[in-house]
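A short write-up of the structure that comes next.
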There are 2 protein chains.
Amino acid sequence: MSAFLMATWFRGLTATETLALTLAMRDSGDVLRLPDLGRPLVDKHSTGGVGDKVTLVLAPIVSALGLAMAKLSGRGLGHTGGTLDKLAAIPGYRVDLDPRQLIDQVRAVGVAVAAASQELAPADRRLYALRDATGTVNQSGLIAASIMSKKLAVETDALVLDVKVGDGAFFATRSEGEAFARAALAIGAGLGRQVRAVLTQMSRPLGKEVGNGREVAEAMDVLSGHGPRDVATVAVTLAANLVEMAGGSQAAGDGAKQAAATLGGGQAMEHFERWITAQGGQLGGLAARLRQPAQAEGRILADRSGFLASVSALKIGQAAALAGAGRSRKEDAVDPRAGITLVAELGQAVRSGETLARVHASDPDRLAQAQHLGASAFQVADGPPDDEPLLLGTLSQGGMNP
Amino acid sequence: MSAFLMATWFRGLTATETLALTLAMRDSGDVLRLPDLGRPLVDKHSTGGVGDKVTLVLAPIVSALGLAMAKLSGRGLGHTGGTLDKLAAIPGYRVDLDPRQLIDQVRAVGVAVAAASQELAPADRRLYALRDATGTVNQSGLIAASIMSKKLAVETDALVLDVKVGDGAFFATRSEGEAFARAALAIGAGLGRQVRAVLTQMSRPLGKEVGNGREVAEAMDVLSGHGPRDVATVAVTLAANLVEMAGGSQAAGDGAKQAAATLGGGQAMEHFERWITAQGGQLGGLAARLRQPAQAEGRILADRSGFLASVSALKIGQAAALAGAGRSRKEDAVDPRAGITLVAELGQAVRSGETLARVHASDPDRLAQAQHLGASAFQVADGPPDDEPLLLGTLSQGGMNP
């Protein structure tokens with residue numbers, strides 16, 4: 001398999017080969033066929049970003065719109081967080097559901113997000129370990145097969161991929177992200193499954209909170225109709241695509257309007273609360289609890305006056321991980337309170353000594369390391385930066401829309 | 001390592017990389033430093049051919065010329081034979097010598113040919129198994145590193161490589177053989193070791209006997225000054241190169257004359273007998289014994305009249321292996337009496353029904369299979385074939401001589 005991976009690195013995979021590999025990987029484990037739920041079942045996958053709490057907003061939106069979402073997620077590794085780590089910051093939340101519990105919960109409240117079992121595409125874990133050891137992780141066909149083998153192991157009606165592009169993402173460039181998206185969509189097309197990919201900016205963090213508990217709190221802000229616009233925009237865009245795919249022939253744009261309305265109207269928050277409660281999470285005083293200070297608190301200050309020209313998602317992600325929010329090895333624990341809160345807005349005028357970010361760390365050593373690395377994430381320049389768009393395009397099985 | 005092999009397949013190895021790999025492989029096991037023997041110690045390696053009994057002739061020649069040869073050999077696999085299998089056809093011959101016995105014998109009689117121990121470049125065996133499993137066997141740098149790591153594990157003063165080229169050889173084309181030879185010589189140059197490569201024809205078998213015992217008998221014919229010219233020519237050419245390398249500044253051509261003289265004058269046979277006796281082999285009636293009939297004897301006949309235009313070394317090798325002379329798995333035993341004797345000479349006029357070859361097989365089933373495949377090795381045409389040269393060139397560290 002190592003030799004196969006290396007050959008693939010140099011020779012690539014055709015669409016047919018990628019599909020065959022994906023199916024072989026899917027069929028290395030269990031395939032979960034959910035019984036008819038009376039509404040379309042949808043799924044979402046993000047290729048991983050910094051501050052990416054979109055699932056926490058998206059799942060309640062689509063549930064409020066009459067779809068069901070059963071999502072199997074993973075833990076974070078390296079500088080990007082994992083949805084399970086964020087949910088685990090909610091007291092009482094059970095990440096482990098067996099298939100029966102998952103189905104019952106989706107039927108009852110429309111959403112379940114749980115840990116992927118060891119029986120789901122086990123070949124992927126083995127192959128990933130070999131890709132890691134052989135330096136062949138970043139190959140579009142292998143990435144597509146890895147993600148799609150797991151996504152296809154749960155039979156859903158529509159899947160949307162949030163393909164992050166930028167220094168904080170797995171794909172540093174748009175063309176890498178597109179290559180992956182095309183490979184993934186070809187797999188979907190080969191199986192007659194509806195798949196779309198939305199390419200989104202990850203040169204800067206998404207939202208203002210990075211760190212497991214604080215990201216849940218920020219998602220709750222968004223679900224309440226406030227909170228950062230970028231998080232809401234990505235969630236609404238993904239929801240619109242799912243609605244359009246699963247709902248059939250809706251007029252373009254209708255999905256987005258409906259999705260945005262669930263944030264303003266409180267329905268999304270209502271679905272969030274039902275979901276979290278059903279899965280054991282305790283809502284009482286939750287937002288405040290999630291924003292409690294960490295063991296060691298500090299700040300990152302501007303070292304000159306000017307305009308905040310860039311905030312590196314990669315470095316913020318790495319600094320948050322150093323603070324205690326991430327893990328470098330699978331076995332490591334994460335601190336739900338650790339992370340970074342961005343205070344200054346990208347593009348705003350700042351004065352030397354002004355607070356750019358707050359750092360929440362597990363101990364003073366981690367605080368110092370996170371502050372040091374985090375400071376390098378910020379660039380203050382003489383003029384405001386060019387606006388980099390958040391949404392970079394949507395790839396559907398019909399082609400790319402800008 | 002599998003991934004490394006596959007990357008090498010697609011990207012190749014530079015001379016520096018090949019040298020580093022070779023040394024790492026050599027140093028995975030023991031390195032045998034022979035004490036001063038009072039005469040230069042030389043070695044030879046053939047990339048494998050059909051009817052290749054050259055070591056059995058060469059070792060006595062170089063010994064008669066005042067050099068010493070300590071050679072560690074392997075068993076045959078597939079359609080090419082191995083020197084150890086040929087020597088094992090001699091009653092009493094001990095293929096297993098420990099380093100002490102090897103040194104004592106070389107000191108006493110000038111020659112020892114024994115089985116390579118498991119401690120000699122063990123990384124090569126592991127890598128070869130992976131190359132075999134990953135389809136990366138035929139890569140010139142890997143081949144050179146494999147061969148040279150074992151050859152460098154015994155410290156000799158000069159090494160000559162017999163690089164076989166043709167359908168019965170590992171290298172089908174001259175350019176493949178040259179690529180390997182250049183890589184091997186670069187390794188030698190990198191270590192300050194004298195190495196030359198002689199490219200020789202292997203589109204047809206060497207000599208007239210293919211099969212372990214019969215090849216020893218044919219080598220004894222050559223050592224007696226008769227026997228097939230091609231075998232003598234290759235042995236004398238290799239010997240001349242060793243003498244020129246190990247003996248210093250001899251005039252070109254002198255080595256070949258001296259080597260040929262040992263065959264006519266009986267000195268080579270004398271050294272052969274001393275060597276075989278020292279290693280436990282029984283010489284009494286040996287030649288006749290080695291040519292005893294096998295269990296099942298048969299013939300291959302010309303199916304038309306004309307000129308014998310080609311004799312495929314590959315097919316003769318495969319047919320001999322089917323007859324019982326070779327093995328397809330390492331664990332298999334070989335029949336020392338099995339093989340093929342070529343009766344008709346390449347280029348000679350033959351009549352329909354005339355005997356082209358005799359087949360000596362371990363049983364009637366094997367006989368039938370060997371006859372069937374062996375018959376396809378012969379092509380009879382309307383006119384005599386073009387002469388294909390036996391010697392294709394010598395590559396020394398100074399460059400290629402035609």
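Note on naming: chains are A, B, ... as they come in the structure tokens, residues start from 1 per chain, ligands start from 1 in the order shown.
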
Excluding same-chain residues fewer than 4 positions from Met220 in chain B, what lies within 9 Å of it counting only C-alpha atoms, as a PDB file with N, CA and C atoms, in the first residue's frame?
ATOM      1  N   LEU B  56      32.856 -21.192 -13.016  1.00  0.00           N
ATOM      2  CA  LEU B  56      33.561 -22.473 -12.848  1.00  0.00           C
ATOM      3  C   LEU B  56      34.836 -22.536 -13.683  1.00  0.00           C
ATOM      4  N   VAL B  57      34.896 -21.734 -14.733  1.00  0.00           N
ATOM      5  CA  VAL B  57      36.081 -21.675 -15.589  1.00  0.00           C
ATOM      6  C   VAL B  57      36.989 -20.525 -15.155  1.00  0.00           C
ATOM      7  N   GLU B 215      26.319 -28.525 -16.776  1.00  0.00           N
ATOM      8  CA  GLU B 215      27.117 -27.305 -16.946  1.00  0.00           C
ATOM      9  C   GLU B 215      28.487 -27.435 -16.293  1.00  0.00           C
ATOM     10  N   VAL B 216      28.550 -28.168 -15.173  1.00  0.00           N
ATOM     11  CA  VAL B 216      29.862 -28.409 -14.552  1.00  0.00           C
ATOM     12  C   VAL B 216      30.716 -29.250 -15.496  1.00  0.00           C
ATOM     13  N   SER B 224      39.727 -28.084 -19.910  1.00  0.00           N
ATOM     14  CA  SER B 224      40.657 -29.031 -20.550  1.00  0.00           C
ATOM     15  C   SER B 224      41.127 -28.516 -21.900  1.00  0.00           C
ATOM     16  N   GLY B 225      40.651 -27.351 -22.310  1.00  0.00           N
ATOM     17  CA  GLY B 225      41.119 -26.770 -23.567  1.00  0.00           C
ATOM     18  C   GLY B 225      40.191 -27.054 -24.729  1.00  0.00           C
ATOM     19  N   HIS B 226      39.143 -27.870 -24.507  1.00  0.00           N
ATOM     20  CA  HIS B 226      38.115 -27.983 -25.535  1.00  0.00           C
ATOM     21  C   HIS B 226      36.814 -27.459 -24.950  1.00  0.00           C
ATOM     22  N   GLY B 227      35.694 -27.907 -25.454  1.00  0.00           N
ATOM     23  CA  GLY B 227      34.440 -27.310 -24.968  1.00  0.00           C
ATOM     24  C   GLY B 227      34.118 -26.078 -25.779  1.00  0.00           C
ATOM     25  N   MET B 269      42.817 -26.391 -15.224  1.00  0.00           N
ATOM     26  CA  MET B 269      42.190 -27.624 -14.745  1.00  0.00           C
ATOM     27  C   MET B 269      42.800 -28.072 -13.417  1.00  0.00           C
ATOM     28  N   PHE B 272      41.321 -26.010 -10.806  1.00  0.00           N
ATOM     29  CA  PHE B 272      39.930 -26.425 -10.583  1.00  0.00           C
ATOM     30  C   PHE B 272      39.896 -27.631  -9.660  1.00  0.00           C
ATOM     31  N   ALA B 287      33.102 -36.205 -14.529  1.00  0.00           N
ATOM     32  CA  ALA B 287      32.487 -35.702 -15.763  1.00  0.00           C
ATOM     33  C   ALA B 287      31.401 -36.668 -16.260  1.00  0.00           C
TER      34      ALA B 287
END

Could you tell me which residues of chain A sit within 9 Å of chain B when counting only C-alpha atoms, and give me the result as an MDAnalysis selection string?
chainID A and resid 1:7 9:11 134

Those same residues, written as a compact mmCIF listing (two decimals), in the first residue's frame with all heavy atoms?
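Result file is again-v2.txt:
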# COMPACT_ATOMS: atom_id res chain seq x y z
N MET A 1 0.83 -1.20 0.00
CA MET A 1 0.00 0.00 0.00
C MET A 1 0.87 1.26 0.00
O MET A 1 0.54 2.25 -0.65
CB MET A 1 -0.95 0.00 1.22
CG MET A 1 -2.09 -0.98 1.12
SD MET A 1 -3.01 -0.95 -0.46
CE MET A 1 -3.63 0.73 -0.48
N SER A 2 2.00 1.20 0.70
CA SER A 2 2.91 2.35 0.67
C SER A 2 3.40 2.61 -0.75
O SER A 2 3.50 3.76 -1.19
CB SER A 2 4.11 2.10 1.59
OG SER A 2 3.70 2.06 2.93
N ALA A 3 3.72 1.53 -1.44
CA ALA A 3 4.19 1.68 -2.82
C ALA A 3 3.07 2.22 -3.70
O ALA A 3 3.29 3.06 -4.57
CB ALA A 3 4.68 0.33 -3.34
N PHE A 4 1.85 1.74 -3.47
CA PHE A 4 0.69 2.24 -4.23
C PHE A 4 0.52 3.74 -3.99
O PHE A 4 0.29 4.51 -4.92
CB PHE A 4 -0.56 1.47 -3.80
CG PHE A 4 -1.84 2.13 -4.20
CD1 PHE A 4 -2.30 2.08 -5.50
CD2 PHE A 4 -2.59 2.83 -3.26
CE1 PHE A 4 -3.48 2.72 -5.88
CE2 PHE A 4 -3.76 3.47 -3.61
CZ PHE A 4 -4.21 3.41 -4.92
N LEU A 5 0.63 4.14 -2.74
CA LEU A 5 0.47 5.56 -2.42
C LEU A 5 1.53 6.40 -3.13
O LEU A 5 1.24 7.46 -3.68
CB LEU A 5 0.54 5.78 -0.91
CG LEU A 5 -0.59 5.15 -0.10
CD1 LEU A 5 -0.31 5.25 1.39
CD2 LEU A 5 -1.93 5.79 -0.45
N MET A 6 2.76 5.91 -3.12
CA MET A 6 3.83 6.68 -3.75
C MET A 6 3.64 6.71 -5.27
O MET A 6 3.88 7.74 -5.92
CB MET A 6 5.19 6.08 -3.38
CG MET A 6 6.37 6.93 -3.79
SD MET A 6 6.35 8.62 -3.12
CE MET A 6 6.94 8.33 -1.45
N ALA A 7 3.21 5.60 -5.85
CA ALA A 7 2.94 5.58 -7.29
C ALA A 7 1.83 6.58 -7.61
O ALA A 7 1.89 7.31 -8.61
CB ALA A 7 2.54 4.17 -7.74
N TRP A 9 1.16 9.24 -5.93
CA TRP A 9 1.75 10.57 -5.79
C TRP A 9 2.36 11.04 -7.12
O TRP A 9 2.18 12.17 -7.53
CB TRP A 9 2.82 10.53 -4.70
CG TRP A 9 3.54 11.82 -4.49
CD1 TRP A 9 4.76 12.18 -5.00
CD2 TRP A 9 3.07 12.95 -3.75
NE1 TRP A 9 5.09 13.44 -4.60
CE2 TRP A 9 4.07 13.95 -3.83
CE3 TRP A 9 1.91 13.21 -3.01
CZ2 TRP A 9 3.95 15.19 -3.20
CZ3 TRP A 9 1.79 14.43 -2.39
CH2 TRP A 9 2.80 15.41 -2.49
N PHE A 10 3.06 10.14 -7.78
CA PHE A 10 3.75 10.54 -9.00
C PHE A 10 2.86 10.44 -10.24
O PHE A 10 3.07 11.17 -11.20
CB PHE A 10 5.02 9.70 -9.21
CG PHE A 10 6.13 10.11 -8.29
CD1 PHE A 10 6.51 9.31 -7.23
CD2 PHE A 10 6.77 11.33 -8.46
CE1 PHE A 10 7.52 9.70 -6.37
CE2 PHE A 10 7.78 11.74 -7.61
CZ PHE A 10 8.16 10.92 -6.56
N ARG A 11 1.89 9.55 -10.23
CA ARG A 11 1.10 9.29 -11.44
C ARG A 11 -0.32 9.80 -11.36
O ARG A 11 -1.01 9.85 -12.37
CB ARG A 11 1.08 7.79 -11.72
CG ARG A 11 2.46 7.18 -11.87
CD ARG A 11 3.06 7.44 -13.21
NE ARG A 11 2.35 6.72 -14.24
CZ ARG A 11 2.54 6.87 -15.54
NH1 ARG A 11 3.43 7.75 -15.96
NH2 ARG A 11 1.85 6.17 -16.41
N THR A 134 4.66 8.33 4.57
CA THR A 134 5.35 8.32 3.27
C THR A 134 5.31 9.68 2.57
O THR A 134 5.76 9.79 1.43
CB THR A 134 4.72 7.26 2.33
OG1 THR A 134 3.32 7.55 2.15
CG2 THR A 134 4.86 5.86 2.90

Contacts of Ile147 in chain A at 10 Å (only C-alpha atoms; same-chain gap of 4+ positions) as a PyMOL selection string
chain A and resi 22+26+45-47+121+124+142-143+151-152+161+184

Nearest to Gly353 in chain B, chosen from B:Ser149, B:Ser73, B:Ser305, B:Ser28, with only C-alpha atoms counted in the distances
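The closest residue to Gly353 in chain B is B:Ser305.
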
Please identify the strand (DSSP E) residues within range 158-216 of chain B (assignment by DSSP from backbone atoms) and present them as a list in words.
Ala158, Leu159, Val160, Leu161, Asp162, Val163, Lys164, Val165, Gln194, Val195, Arg196, Ala197, Val198, Leu199, Thr200, Gln201, Glu209 and Val210 of chain B
